[in-house]
>>> print(open('work_13.tsv').read())   # TSV, C-alpha atoms and all ligand atoms
chain	number	residue	atom	x	y	z
R	1497	MET	CA	0.00	0.00	0.00
R	1498	LEU	CA	1.17	3.54	-0.71
R	1499	PRO	CA	2.08	5.55	2.42
R	1500	SER	CA	0.49	8.98	2.97
R	1501	PHE	CA	2.12	12.07	1.51
R	1502	ALA	CA	1.18	15.61	0.59
R	1503	TYR	CA	0.83	16.42	-3.10
R	1504	ALA	CA	1.85	19.70	-4.73
R	1505	ARG	CA	1.15	20.60	-8.35
R	1506	PRO	CA	3.01	23.83	-9.18
R	1507	THR	CA	2.64	25.52	-12.57
R	1508	THR	CA	6.12	27.01	-12.97
R	1509	LEU	CA	9.61	25.61	-12.59
R	1510	ASP	CA	10.45	28.21	-9.92
R	1511	GLU	CA	7.41	27.17	-7.90
R	1512	ALA	CA	8.38	23.51	-8.30
R	1513	VAL	CA	11.92	24.20	-7.06
R	1514	LYS	CA	10.54	26.14	-4.08
R	1515	ALA	CA	7.98	23.45	-3.26
R	1516	LEU	CA	10.71	20.79	-3.36
R	1517	ALA	CA	13.11	22.79	-1.22
R	1518	ASP	CA	10.43	23.82	1.32
R	1519	SER	CA	8.98	20.34	1.71
R	1520	GLN	CA	12.13	18.22	1.23
R	1521	GLY	CA	9.89	16.30	-1.13
R	1522	ARG	CA	10.49	14.37	-4.33
R	1523	VAL	CA	9.75	15.02	-7.96
R	1524	HIS	CA	6.82	13.13	-9.50
R	1525	ALA	CA	7.13	12.87	-13.29
R	1526	GLY	CA	5.45	9.81	-14.87
R	1527	GLY	CA	5.54	7.94	-11.55
R	1528	THR	CA	6.36	4.55	-13.13
R	1529	ASP	CA	9.44	4.09	-10.97
R	1530	LEU	CA	8.67	6.43	-8.09
R	1531	LEU	CA	5.34	4.96	-7.01
R	1532	GLY	CA	6.77	1.43	-6.90
R	1533	CYS	CA	9.60	2.65	-4.67
R	1534	LEU	CA	7.14	4.37	-2.31
R	1535	ARG	CA	4.80	1.37	-2.23
R	1536	ASP	CA	7.69	-1.03	-1.51
R	1537	GLY	CA	9.19	1.20	1.21
R	1538	VAL	CA	12.49	1.73	-0.64
R	1539	PHE	CA	12.26	5.33	0.57
R	1540	ALA	CA	9.60	7.65	1.97
R	1541	THR	CA	8.75	11.27	1.28
R	1542	PRO	CA	6.58	13.86	3.02
R	1543	THR	CA	5.54	15.46	-0.29
R	1544	LEU	CA	5.39	14.63	-3.96
R	1545	VAL	CA	5.92	17.61	-6.24
R	1546	SER	CA	4.29	16.86	-9.58
R	1547	LEU	CA	5.85	18.39	-12.68
R	1548	SER	CA	2.76	17.70	-14.78
R	1549	GLY	CA	1.42	21.27	-14.47
R	1550	VAL	CA	4.73	22.96	-15.31
R	1551	SER	CA	4.58	24.29	-18.85
R	1552	GLY	CA	7.65	24.17	-21.06
R	1553	LEU	CA	8.99	20.87	-19.76
R	1554	ARG	CA	7.53	18.82	-22.60
R	1555	GLY	CA	8.50	18.49	-26.23
R	1556	LEU	CA	11.44	18.67	-28.61
R	1557	ASP	CA	12.87	21.82	-30.25
R	1558	GLU	CA	15.89	22.60	-32.40
R	1559	THR	CA	18.52	24.67	-30.61
R	1560	ALA	CA	20.09	27.79	-32.16
R	1561	GLU	CA	23.31	25.78	-32.64
R	1562	GLY	CA	21.52	23.09	-34.67
R	1563	GLY	CA	21.22	20.58	-31.84
R	1564	LEU	CA	18.08	19.37	-30.08
R	1565	ARG	CA	16.47	20.32	-26.76
R	1566	ILE	CA	14.22	17.73	-25.16
R	1567	GLY	CA	12.10	18.73	-22.17
R	1568	ALA	CA	12.53	16.40	-19.18
R	1569	LEU	CA	8.80	15.61	-19.13
R	1570	THR	CA	8.78	14.39	-22.74
R	1571	THR	CA	7.62	10.77	-22.79
R	1572	LEU	CA	9.74	7.91	-24.04
R	1573	THR	CA	7.11	7.18	-26.71
R	1574	GLU	CA	7.37	10.75	-28.04
R	1575	ILE	CA	11.16	10.37	-28.23
R	1576	ALA	CA	11.08	6.92	-29.83
R	1577	GLU	CA	8.61	8.16	-32.46
R	1578	SER	CA	10.20	11.54	-33.17
R	1579	GLU	CA	11.32	11.83	-36.81
R	1580	VAL	CA	14.17	14.18	-35.82
R	1581	VAL	CA	15.49	11.84	-33.15
R	1582	ARG	CA	15.21	8.81	-35.44
R	1583	ALA	CA	17.01	10.57	-38.27
R	1584	ARG	CA	19.76	12.36	-36.34
R	1585	TYR	CA	20.13	10.61	-32.96
R	1586	ARG	CA	19.14	7.08	-33.74
R	1587	ALA	CA	20.78	5.59	-30.63
R	1588	LEU	CA	18.41	7.65	-28.47
R	1589	ALA	CA	15.33	6.60	-30.44
R	1590	GLU	CA	16.38	2.95	-30.20
R	1591	ALA	CA	17.11	3.29	-26.48
R	1592	ALA	CA	13.75	4.95	-25.74
R	1593	ALA	CA	11.94	2.29	-27.81
R	1594	SER	CA	13.66	-0.48	-25.82
R	1595	VAL	CA	12.42	0.72	-22.41
R	1596	ALA	CA	9.82	-1.47	-20.70
R	1597	SER	CA	6.40	-1.83	-22.41
R	1598	PRO	CA	4.31	0.54	-24.58
R	1599	GLN	CA	2.18	1.54	-21.58
R	1600	LEU	CA	5.26	2.41	-19.49
R	1601	ARG	CA	6.80	4.33	-22.40
R	1602	ASN	CA	3.59	6.34	-22.79
R	1603	GLN	CA	3.75	7.35	-19.14
R	1604	GLY	CA	7.50	7.33	-18.40
R	1605	THR	CA	9.51	10.49	-19.09
R	1606	LEU	CA	13.10	11.13	-20.16
R	1607	GLY	CA	13.92	12.94	-16.90
R	1608	GLY	CA	12.49	10.07	-14.85
R	1609	ASN	CA	14.40	7.57	-16.93
R	1610	LEU	CA	17.71	9.27	-16.07
R	1611	CYS	CA	16.85	9.69	-12.36
R	1612	GLN	CA	15.28	6.29	-11.69
R	1613	LYS	CA	16.50	4.17	-8.77
R	1614	PRO	CA	18.56	0.98	-9.20
R	1615	ARG	CA	16.82	-2.36	-9.57
R	1616	CYS	CA	19.07	-4.44	-7.28
R	1617	TRP	CA	16.70	-6.92	-5.61
R	1618	TYR	CA	18.31	-6.37	-2.20
R	1619	TYR	CA	17.92	-2.59	-2.50
R	1620	ARG	CA	14.32	-2.97	-3.69
R	1621	GLY	CA	13.54	-5.72	-1.18
R	1622	ASP	CA	13.34	-5.93	2.61
R	1623	PHE	CA	17.08	-5.62	3.11
R	1624	HIS	CA	18.67	-2.75	4.99
R	1625	CYS	CA	21.54	-2.64	2.53
R	1626	LEU	CA	24.43	-0.20	2.32
R	1627	ARG	CA	22.64	2.04	-0.18
R	1628	LYS	CA	19.62	2.27	2.14
R	1629	GLY	CA	21.73	3.25	5.16
R	1630	GLY	CA	22.85	-0.19	6.38
R	1631	ASP	CA	26.38	-1.51	6.52
R	1632	THR	CA	26.30	-4.46	4.09
R	1633	CYS	CA	26.02	-4.93	0.35
R	1634	PHE	CA	24.14	-8.23	0.27
R	1635	ALA	CA	24.82	-8.69	-3.44
R	1636	ALA	CA	28.59	-8.89	-2.93
R	1637	ALA	CA	28.38	-12.44	-1.58
R	1638	GLY	CA	24.76	-13.15	-2.50
R	1639	GLU	CA	22.59	-13.45	-5.60
R	1640	ASN	CA	24.53	-11.23	-7.97
R	1641	GLN	CA	23.67	-12.52	-11.44
R	1642	TYR	CA	22.32	-9.11	-12.53
R	1643	HIS	CA	25.03	-7.01	-10.93
R	1644	CYS	CA	28.02	-5.12	-12.27
R	1645	LEU	CA	31.28	-6.01	-13.99
R	1646	PHE	CA	32.88	-2.56	-13.79
R	1647	GLY	CA	32.96	0.21	-11.18
R	1648	GLY	CA	31.63	-1.89	-8.31
R	1649	GLU	CA	33.08	-1.00	-4.96
R	1650	SER	CA	31.18	-1.53	-1.71
R	1651	CYS	CA	27.91	-1.60	-3.76
R	1652	PHE	CA	27.46	-3.59	-6.98
R	1653	ILE	CA	24.28	-2.21	-8.57
R	1654	VAL	CA	23.89	-1.61	-12.27
R	1655	HIS	CA	22.42	1.64	-13.49
R	1656	PRO	CA	19.03	0.73	-15.03
R	1657	SER	CA	18.43	3.47	-17.63
R	1658	ASP	CA	18.52	2.66	-21.34
R	1659	THR	CA	18.51	6.27	-22.51
R	1660	ALA	CA	21.48	7.35	-20.33
R	1661	PRO	CA	24.17	5.40	-22.22
R	1662	ALA	CA	22.74	6.62	-25.54
R	1663	LEU	CA	22.90	10.22	-24.29
R	1664	VAL	CA	26.48	9.70	-23.04
R	1665	ALA	CA	27.53	8.34	-26.44
R	1666	LEU	CA	25.82	11.28	-28.16
R	1667	GLY	CA	27.56	13.82	-25.89
R	1668	ALA	CA	24.35	15.25	-24.37
R	1669	ALA	CA	24.14	17.62	-21.40
R	1670	LEU	CA	21.44	18.35	-18.82
R	1671	ARG	CA	20.07	21.71	-17.77
R	1672	ILE	CA	19.42	21.46	-14.06
R	1673	VAL	CA	17.42	24.07	-12.15
R	1674	GLY	CA	17.53	24.40	-8.38
R	1675	PRO	CA	17.51	26.79	-5.41
R	1676	GLY	CA	21.01	27.93	-6.37
R	1677	GLY	CA	20.10	28.72	-9.99
R	1678	THR	CA	20.71	26.85	-13.23
R	1679	ARG	CA	23.65	24.67	-14.14
R	1680	SER	CA	24.65	22.46	-17.05
R	1681	VAL	CA	26.01	18.97	-16.44
R	1682	PRO	CA	27.16	16.52	-19.13
R	1683	VAL	CA	25.10	13.33	-18.88
R	1684	GLU	CA	28.43	11.55	-18.54
R	1685	ALA	CA	29.05	13.39	-15.24
R	1686	PHE	CA	25.48	13.12	-13.89
R	1687	HIS	CA	25.57	9.66	-12.29
R	1688	VAL	CA	27.66	8.86	-9.22
R	1689	LEU	CA	29.86	5.81	-8.65
R	1690	PRO	CA	29.67	3.99	-5.28
R	1691	SER	CA	33.35	4.82	-4.75
R	1692	VAL	CA	32.34	8.52	-4.73
R	1693	ASP	CA	29.13	8.12	-2.68
R	1694	TYR	CA	27.21	4.86	-2.37
R	1695	ARG	CA	24.10	6.61	-0.96
R	1696	ARG	CA	23.27	8.60	-4.09
R	1697	GLU	CA	22.80	7.83	-7.77
R	1698	THR	CA	23.10	11.31	-9.27
R	1699	VAL	CA	24.73	14.68	-8.60
R	1700	LEU	CA	21.31	16.30	-8.02
R	1701	GLU	CA	21.24	18.36	-4.83
R	1702	PRO	CA	18.07	18.74	-2.72
R	1703	GLY	CA	15.53	20.85	-4.57
R	1704	GLU	CA	17.15	20.41	-8.00
R	1705	ILE	CA	15.15	19.37	-11.05
R	1706	VAL	CA	16.35	18.12	-14.43
R	1707	ALA	CA	14.63	20.56	-16.78
R	1708	GLU	CA	15.93	19.54	-20.19
R	1709	VAL	CA	18.38	17.47	-22.17
R	1710	ILE	CA	20.51	19.22	-24.80
R	1711	LEU	CA	21.93	17.23	-27.68
R	1712	PRO	CA	24.78	18.76	-29.71
R	1713	PRO	CA	24.36	19.12	-33.49
R	1714	SER	CA	24.58	15.77	-35.24
R	1715	ALA	CA	27.98	15.78	-37.00
R	1716	PRO	CA	28.21	14.78	-40.69
R	1717	GLY	CA	28.92	11.06	-40.97
R	1718	LEU	CA	27.54	10.29	-37.48
R	1719	ARG	CA	26.17	6.79	-37.09
R	1720	SER	CA	24.64	5.90	-33.76
R	1721	THR	CA	22.87	2.88	-32.37
R	1722	TYR	CA	21.78	1.31	-29.06
R	1723	ARG	CA	21.00	-2.29	-28.36
R	1724	LYS	CA	20.50	-4.25	-25.19
R	1725	VAL	CA	20.34	-7.96	-24.47
R	1726	ARG	CA	17.63	-8.94	-22.01
R	1727	ALA	CA	16.39	-12.13	-20.42
R	1728	ARG	CA	12.90	-11.74	-21.92
R	1729	ALA	CA	12.38	-10.61	-25.49
R	1730	SER	CA	9.14	-8.73	-24.65
R	1731	TRP	CA	10.35	-6.19	-22.10
R	1732	ASP	CA	13.10	-6.20	-19.54
R	1733	PHE	CA	16.07	-4.27	-18.20
R	1734	ALA	CA	19.45	-4.73	-19.90
R	1735	LEU	CA	21.63	-7.68	-18.95
R	1736	VAL	CA	24.19	-5.88	-21.07
R	1737	GLY	CA	23.68	-2.99	-23.48
R	1738	ALA	CA	25.81	-0.78	-25.67
R	1739	ALA	CA	25.39	2.64	-27.28
R	1740	PHE	CA	27.67	3.71	-30.11
R	1741	ALA	CA	28.12	7.11	-31.76
R	1742	LEU	CA	30.69	6.81	-34.52
R	1743	ARG	CA	31.69	9.61	-36.86
R	1744	LEU	CA	32.81	7.90	-40.05
R	1745	ALA	CA	34.66	9.16	-43.12
R	1746	GLY	CA	34.25	6.35	-45.63
R	1747	ASP	CA	35.03	3.26	-43.58
R	1748	THR	CA	37.42	5.05	-41.21
R	1749	VAL	CA	36.33	5.95	-37.70
R	1750	ARG	CA	37.15	9.62	-37.10
R	1751	GLU	CA	35.63	9.79	-33.63
R	1752	ALA	CA	33.95	7.17	-31.48
R	1753	ARG	CA	31.94	7.51	-28.28
R	1754	VAL	CA	30.75	4.30	-26.68
R	1755	ALA	CA	28.82	3.68	-23.46
R	1756	PHE	CA	27.47	0.49	-21.86
R	1757	SER	CA	24.36	-0.29	-19.83
R	1758	GLY	CA	23.75	-3.23	-17.49
R	1759	VAL	CA	27.39	-3.65	-16.49
R	1760	ALA	CA	28.23	-0.77	-14.12
R	1761	PRO	CA	26.62	1.40	-11.42
R	1762	VAL	CA	26.64	4.30	-13.90
R	1763	PRO	CA	26.32	4.45	-17.69
R	1764	TRP	CA	29.83	3.17	-18.44
R	1765	ARG	CA	31.90	5.13	-20.94
R	1766	ALA	CA	34.06	2.56	-22.76
R	1767	LYS	CA	37.17	4.59	-23.50
R	1768	ALA	CA	39.29	1.52	-24.32
R	1769	VAL	CA	36.79	0.60	-27.05
R	1770	GLU	CA	36.88	4.17	-28.37
R	1771	SER	CA	40.70	4.04	-28.54
R	1772	ALA	CA	40.55	0.73	-30.41
R	1773	LEU	CA	38.24	2.38	-32.98
R	1774	ASN	CA	39.55	5.95	-33.37
R	1775	GLY	CA	41.53	6.47	-36.56
R	1776	HIS	CA	41.06	2.87	-37.73
R	1777	ARG	CA	39.18	1.36	-40.64
R	1778	LEU	CA	36.07	-0.42	-39.37
R	1779	ASN	CA	37.16	-3.88	-40.55
R	1780	ALA	CA	37.23	-7.32	-38.92
R	1781	ALA	CA	40.58	-6.71	-37.20
R	1782	THR	CA	39.47	-3.40	-35.67
R	1783	ILE	CA	36.14	-4.88	-34.58
R	1784	GLY	CA	37.95	-7.80	-32.92
R	1785	ASN	CA	40.24	-5.39	-31.07
R	1786	ALA	CA	37.32	-3.23	-29.95
R	1787	ALA	CA	35.35	-6.25	-28.70
R	1788	ALA	CA	38.39	-7.47	-26.73
R	1789	ALA	CA	38.86	-3.96	-25.28
R	1790	ALA	CA	35.20	-3.91	-24.19
R	1791	VAL	CA	35.76	-6.55	-21.52
R	1792	LYS	CA	39.26	-5.59	-20.45
R	1793	GLY	CA	39.24	-4.93	-16.71
R	1794	ALA	CA	35.87	-6.66	-16.17
R	1795	ALA	CA	35.61	-7.99	-12.60
R	1796	PRO	CA	32.75	-10.50	-12.55
R	1797	LEU	CA	31.16	-11.57	-9.28
R	1798	ALA	CA	30.31	-15.20	-8.45
R	1799	HIS	CA	27.17	-15.42	-10.63
R	1800	ASN	CA	27.44	-12.82	-13.41
R	1801	GLY	CA	30.44	-14.10	-15.39
R	1802	TYR	CA	28.11	-14.80	-18.33
R	1803	LYS	CA	27.97	-11.03	-18.91
R	1804	VAL	CA	31.59	-10.96	-20.10
R	1805	PRO	CA	31.16	-12.96	-23.34
R	1806	LEU	CA	27.69	-11.42	-23.77
R	1807	LEU	CA	29.14	-7.90	-23.76
R	1808	ARG	CA	32.01	-8.86	-26.04
R	1809	GLY	CA	29.62	-10.49	-28.51
R	1810	LEU	CA	27.23	-7.52	-28.40
R	1811	VAL	CA	30.01	-5.05	-29.22
R	1812	GLU	CA	31.18	-7.22	-32.09
R	1813	GLU	CA	27.67	-7.68	-33.46
R	1814	ARG	CA	26.83	-3.93	-33.30
R	1815	LEU	CA	30.10	-2.83	-34.92
R	1816	GLU	CA	29.61	-5.35	-37.71
R	1817	ALA	CA	26.12	-3.93	-38.25
R	1818	ILE	CA	27.52	-0.37	-38.43
R	1819	ALA	CA	30.24	-1.52	-40.86
R	1820	ARG	CA	27.62	-3.09	-43.13
R	1821	GLY	CA	25.89	0.33	-43.29
R	1901	LIG	C1	7.88	-3.06	-15.11
R	1901	LIG	C2	8.89	-1.98	-15.39
R	1901	LIG	C3	9.83	-2.16	-16.39
R	1901	LIG	C4	10.77	-1.16	-16.66
R	1901	LIG	N1	11.69	-1.37	-17.65
R	1901	LIG	C5	12.62	-0.42	-17.91
R	1901	LIG	C6	13.59	-0.63	-18.94
R	1901	LIG	O1	13.61	-1.65	-19.63
R	1901	LIG	N2	14.51	0.35	-19.14
R	1901	LIG	C7	14.53	1.51	-18.42
R	1901	LIG	O2	15.39	2.37	-18.67
R	1901	LIG	N3	13.61	1.73	-17.44
R	1901	LIG	C8	12.66	0.81	-17.18
R	1901	LIG	N4	11.72	1.02	-16.19
R	1901	LIG	C9	11.84	2.18	-15.29
R	1901	LIG	C10	10.89	3.39	-15.57
R	1901	LIG	O3	9.62	3.03	-15.90
R	1901	LIG	C11	11.42	4.29	-16.64
R	1901	LIG	O4	12.77	4.53	-16.39
R	1901	LIG	C12	10.69	5.63	-16.76
R	1901	LIG	O5	11.29	6.37	-17.80
R	1901	LIG	C13	10.75	6.48	-15.50
R	1901	LIG	O6	10.16	7.75	-15.81
R	1901	LIG	P1	8.99	8.38	-14.94
R	1901	LIG	O7	8.66	9.68	-15.57
R	1901	LIG	O8	7.88	7.44	-14.73
R	1901	LIG	O9	9.78	8.63	-13.57
R	1901	LIG	P2	9.23	8.76	-12.04
R	1901	LIG	O10	8.81	7.41	-11.62
R	1901	LIG	O11	8.21	9.85	-11.98
R	1901	LIG	O12	10.55	9.23	-11.36
R	1901	LIG	C14	11.66	8.35	-11.20
R	1901	LIG	C15	12.66	9.02	-10.24
R	1901	LIG	O13	13.24	10.16	-10.86
R	1901	LIG	C16	12.94	11.37	-10.14
R	1901	LIG	N5	12.65	12.36	-11.19
R	1901	LIG	C17	11.77	12.21	-12.21
R	1901	LIG	N6	11.84	13.25	-13.05
R	1901	LIG	C18	12.77	14.09	-12.55
R	1901	LIG	C19	13.29	15.35	-12.96
R	1901	LIG	N7	12.87	15.94	-14.10
R	1901	LIG	N8	14.22	15.97	-12.20
R	1901	LIG	C20	14.67	15.37	-11.06
R	1901	LIG	N9	14.23	14.16	-10.62
R	1901	LIG	C21	13.29	13.53	-11.35
R	1901	LIG	C22	11.78	11.02	-9.24
R	1901	LIG	O14	11.76	11.78	-8.05
R	1901	LIG	C23	12.02	9.54	-8.97
R	1901	LIG	O15	12.95	9.34	-7.91
R	1901	LIG	C24	10.76	0.05	-15.90
R	1901	LIG	C25	9.79	0.22	-14.91
R	1901	LIG	C26	8.87	-0.76	-14.65
R	1901	LIG	C27	7.84	-0.53	-13.57
>>> encode(input="work_13.tsv", output="structure tokens")
Amino acid sequence: MLPSFAYARPTTLDEAVKALADSQGRVHAGGTDLLGCLRDGVFATPTLVSLSGVSGLRGLDETAEGGLRIGALTTLTEIAESEVVRARYRALAEAAASVASPQLRNQGTLGGNLCQKPRCWYYRGDFHCLRKGGDTCFAAAGENQYHCLFGGESCFIVHPSDTAPALVALGAALRIVGPGGTRSVPVEAFHVLPSVDYRRETVLEPGEIVAEVILPPSAPGLRSTYRKVRARASWDFALVGAAFALRLAGDTVREARVAFSGVAPVPWRAKAVESALNGHRLNAATIGNAAAAAVKGAAPLAHNGYKVPLLRGLVEERLEAIARG
């Protein structure tokens, strides 16, 4: 059952920031993740501050620089179906289309997708784990088949968002509005590793709201794609996933940005893969090197070793698809 809370429905961003700061409440966007967390007692809040009445947080517009601005309240369906996103930022369209089910994509927003809580079954269950204020990560020596290969330290969650790795690969930034004003944060710097702070998932400070996502102009020759492997074909979170944004001149990779989902507590920028690609022709040898680089440094736990060959194979398969054109 849902616990009791007050509900505020401001109509401007300033009012929403003030309501959040005054009440120490939480943002309510689509509610597809939030309400489950409240119902299951993952956390509590005195007040929900709905963004649904705030105008200007929905929709997609071209920026003056030729990029794209996407309001945080834009639904995943709108993003997946947008002609502009599909044509210029395909990885993002594919990532949005791969989230959950049609009903959840109709309700779930881009901002909520980036800010959602981890899906670790200990964190979501009746366990007073490290991330919830306890002193033990139960996954470390427990059931860890869905946990991380990289970046785990004290806590071994994987970051659940599909759109975040696509936005990292595409070099997107967030406009964040809060009591202290407005700031811009690259999506790559938005999520927090357990080694930095295992009690938080993002750099958001109390009262701050993600207002919009800014994508840079799509460079000539940019090819981008996102794919995840999941346990169920219908809908599921990523076991492993990979987003690629490759700027090609002929068959040579001029610039590569690559980020993984399902394997780290944050969207995981794969710089070793990028180095294996940059300046090289996208042929079988380069693809083999990039796939090997993808799993270098992986530190599997007792039950998630299967993710290593899965990730390697996924990188190989996606790069071959890009090379075929
Ligand atoms: C059955 C099921 C399957 C799912 N499968 C997937 C999946 O495959 N891939 C995937 O990526 N996700 C999945 N999700 C998670 C979720 O539905 C989506 O991530 C969705 O996009 C969340 O958006 P929302 O608007 O509903 O967020 P909410 O539930 O409203 O919010 C989520 C969190 O973000 C905070 N928040 C929301 N918006 C903002 C903002 N603008 N600024 C600051 N904080 C904010 C909220 O306070 C809350 O803590 C699944 C969820 C369910 C229930």
>>> residues_around(input="work_13.tsv", residues="segment 1512-1518 of chain R", least_positions_apart="2", cutoff="7 Å", atoms="all atoms listed in the file", output="list in words")
Pro1506, Thr1508, Leu1509, Asp1510, Gln1520, Gly1521, Arg1522, Val1545, Gly1674, Pro1675, Pro1702, Gly1703 and Glu1704 of chain R
>>> closest_residue(input="work_13.tsv", among="R:Thr1559, R:Thr1698, R:Gln1641, R:Gln1603", to="ligand LIG 1901 (chain R)", atoms="all atoms listed in the file")
R:Gln1603
>>> residues_around(input="work_13.tsv", residues="Val1681 of chain R", least_positions_apart="3", cutoff="7 Å", atoms="all atoms listed in the file", output="MDAnalysis selection string")
chainID R and resid 1669:1671 1685:1686
>>> residues_near_ligand(input="work_13.tsv", ligand="ligand LIG 1901 (chain R)", cutoff="6 Å", atoms="all atoms listed in the file", output="PyMOL selection string")
chain R and resi 1522-1530+1568+1595-1596+1600+1604-1609+1611-1612+1656-1658+1705-1707+1732-1733
>>> residues_around(input="work_13.tsv", residues="segment 1756-1767 of chain R", least_positions_apart="5", cutoff="8 Å", atoms="all atoms listed in the file", output="number ranges by chain")
R: 1642-1648, 1652-1658, 1660-1661, 1664-1665, 1684, 1687-1690, 1724, 1733-1739, 1790, 1803
>>> residues_near_point(input="work_13.tsv", point="(11.6, 6.2, -25.4)", cutoff="10 Å", atoms="all atoms listed in the file", output="PyMOL selection string")
chain R and resi 1570-1578+1588-1596+1598+1600-1602+1604-1606+1609+1658-1659
>>> atom_distance(input="work_13.tsv", atom1="atom CA of Leu1700 of chain R", atom2="atom CA of Leu1564 of chain R")
22.5 Å
>>> closest_residue(input="work_13.tsv", among="R:Tyr1585, R:Tyr1722, R:Trp1731, R:Tyr1802", to="Leu1815 of chain R", atoms="only C-alpha atoms")
R:Tyr1722
>>> closest_atom_pairs(input="work_13.tsv", of="segment 1652-1731 of chain R", to="segment 1627-1630 of chain R", cutoff="10 Å", atoms="only C-alpha atoms", output="Markdown table")
| residue | atom | partner | partner_atom | distance |
| --- | --- | --- | --- | --- |
| R:Ile1653 | CA | R:Arg1627 | CA | 9.5 |
| R:Pro1690 | CA | R:Arg1627 | CA | 8.9 |
| R:Asp1693 | CA | R:Arg1627 | CA | 9.2 |
| R:Tyr1694 | CA | R:Arg1627 | CA | 5.8 |
| R:Arg1695 | CA | R:Arg1627 | CA | 4.9 |
| R:Arg1696 | CA | R:Arg1627 | CA | 7.7 |
| R:Glu1697 | CA | R:Arg1627 | CA | 9.5 |
>>> residues_around(input="work_13.tsv", residues="segment 1777-1787 of chain R", least_positions_apart="4", cutoff="10 Å", atoms="only C-alpha atoms", output="number ranges by chain")
R: 1744-1750, 1766, 1768-1773, 1791-1792, 1805, 1807-1816, 1818-1820
>>> atom_distance(input="work_13.tsv", atom1="atom CA of Gly1667 of chain R", atom2="atom CA of Pro1716 of chain R")
14.8 Å
>>> atom_distance(input="work_13.tsv", atom1="atom CA of Ile1710 of chain R", atom2="atom CA of Arg1565 of chain R")
4.6 Å
>>> residues_around(input="work_13.tsv", residues="segment 1501-1505 of chain R", least_positions_apart="6", cutoff="9 Å", atoms="all atoms listed in the file", output="list in words")
Ala1512, Ala1515, Gly1521, Ala1540, Thr1541, Pro1542, Thr1543, Leu1544, Val1545, Ser1546, Leu1547, Ser1548, Gly1549 and Val1550 of chain R
>>> closest_residue(input="work_13.tsv", among="R:Thr1507, R:Gln1599, R:Ser1500, R:Thr1721", to="Leu1742 of chain R", atoms="all atoms listed in the file")
R:Thr1721
>>> axis_aligned_box(input="work_13.tsv", around="segment 1679-1695 of chain R", padding_each_side="6 Å", output="AutoDock Vina command-line options")
--center_x 28.5 --center_y 14.3 --center_z -10.0 --size_x 21.7 --size_y 32.7 --size_z 30.2
>>> closest_residue(input="work_13.tsv", among="R:Val1692, R:Cys1533, R:Ala1715, R:Ala1727", to="Ala1741 of chain R", atoms="only C-alpha atoms")
R:Ala1715
>>> build_atoms(input="work_13.tsv", residues="segment 1684-1692 of chain R", atoms="N, CA, C and O atoms", output="PDB file, in the coordinates of the input")
ATOM      1  N   GLU R1684      27.325  12.413 -18.964  1.00  0.00           N
ATOM      2  CA  GLU R1684      28.430  11.550 -18.540  1.00  0.00           C
ATOM      3  C   GLU R1684      28.847  11.813 -17.084  1.00  0.00           C
ATOM      4  O   GLU R1684      29.375  10.924 -16.413  1.00  0.00           O
ATOM      5  N   ALA R1685      28.622  13.036 -16.603  1.00  0.00           N
ATOM      6  CA  ALA R1685      29.050  13.390 -15.240  1.00  0.00           C
ATOM      7  C   ALA R1685      27.869  13.420 -14.262  1.00  0.00           C
ATOM      8  O   ALA R1685      28.025  13.847 -13.117  1.00  0.00           O
ATOM      9  N   PHE R1686      26.696  12.982 -14.702  1.00  0.00           N
ATOM     10  CA  PHE R1686      25.480  13.120 -13.890  1.00  0.00           C
ATOM     11  C   PHE R1686      25.334  12.011 -12.843  1.00  0.00           C
ATOM     12  O   PHE R1686      24.846  12.238 -11.748  1.00  0.00           O
ATOM     13  N   HIS R1687      25.758  10.796 -13.207  1.00  0.00           N
ATOM     14  CA  HIS R1687      25.570   9.660 -12.290  1.00  0.00           C
ATOM     15  C   HIS R1687      26.818   9.452 -11.419  1.00  0.00           C
ATOM     16  O   HIS R1687      27.931   9.784 -11.843  1.00  0.00           O
ATOM     17  N   VAL R1688      26.607   8.902 -10.234  1.00  0.00           N
ATOM     18  CA  VAL R1688      27.660   8.860  -9.220  1.00  0.00           C
ATOM     19  C   VAL R1688      28.063   7.408  -8.925  1.00  0.00           C
ATOM     20  O   VAL R1688      27.201   6.562  -8.645  1.00  0.00           O
ATOM     21  N   LEU R1689      29.352   7.151  -8.966  1.00  0.00           N
ATOM     22  CA  LEU R1689      29.860   5.810  -8.650  1.00  0.00           C
ATOM     23  C   LEU R1689      29.813   5.565  -7.135  1.00  0.00           C
ATOM     24  O   LEU R1689      29.991   6.502  -6.354  1.00  0.00           O
ATOM     25  N   PRO R1690      29.635   4.300  -6.720  1.00  0.00           N
ATOM     26  CA  PRO R1690      29.670   3.990  -5.280  1.00  0.00           C
ATOM     27  C   PRO R1690      30.962   4.438  -4.614  1.00  0.00           C
ATOM     28  O   PRO R1690      30.964   4.808  -3.443  1.00  0.00           O
ATOM     29  N   SER R1691      32.077   4.412  -5.361  1.00  0.00           N
ATOM     30  CA  SER R1691      33.350   4.820  -4.750  1.00  0.00           C
ATOM     31  C   SER R1691      33.339   6.306  -4.385  1.00  0.00           C
ATOM     32  O   SER R1691      34.079   6.751  -3.516  1.00  0.00           O
ATOM     33  N   VAL R1692      32.465   7.085  -5.047  1.00  0.00           N
ATOM     34  CA  VAL R1692      32.340   8.520  -4.730  1.00  0.00           C
ATOM     35  C   VAL R1692      31.332   8.700  -3.590  1.00  0.00           C
ATOM     36  O   VAL R1692      31.585   9.405  -2.617  1.00  0.00           O
TER      37      VAL R1692
END
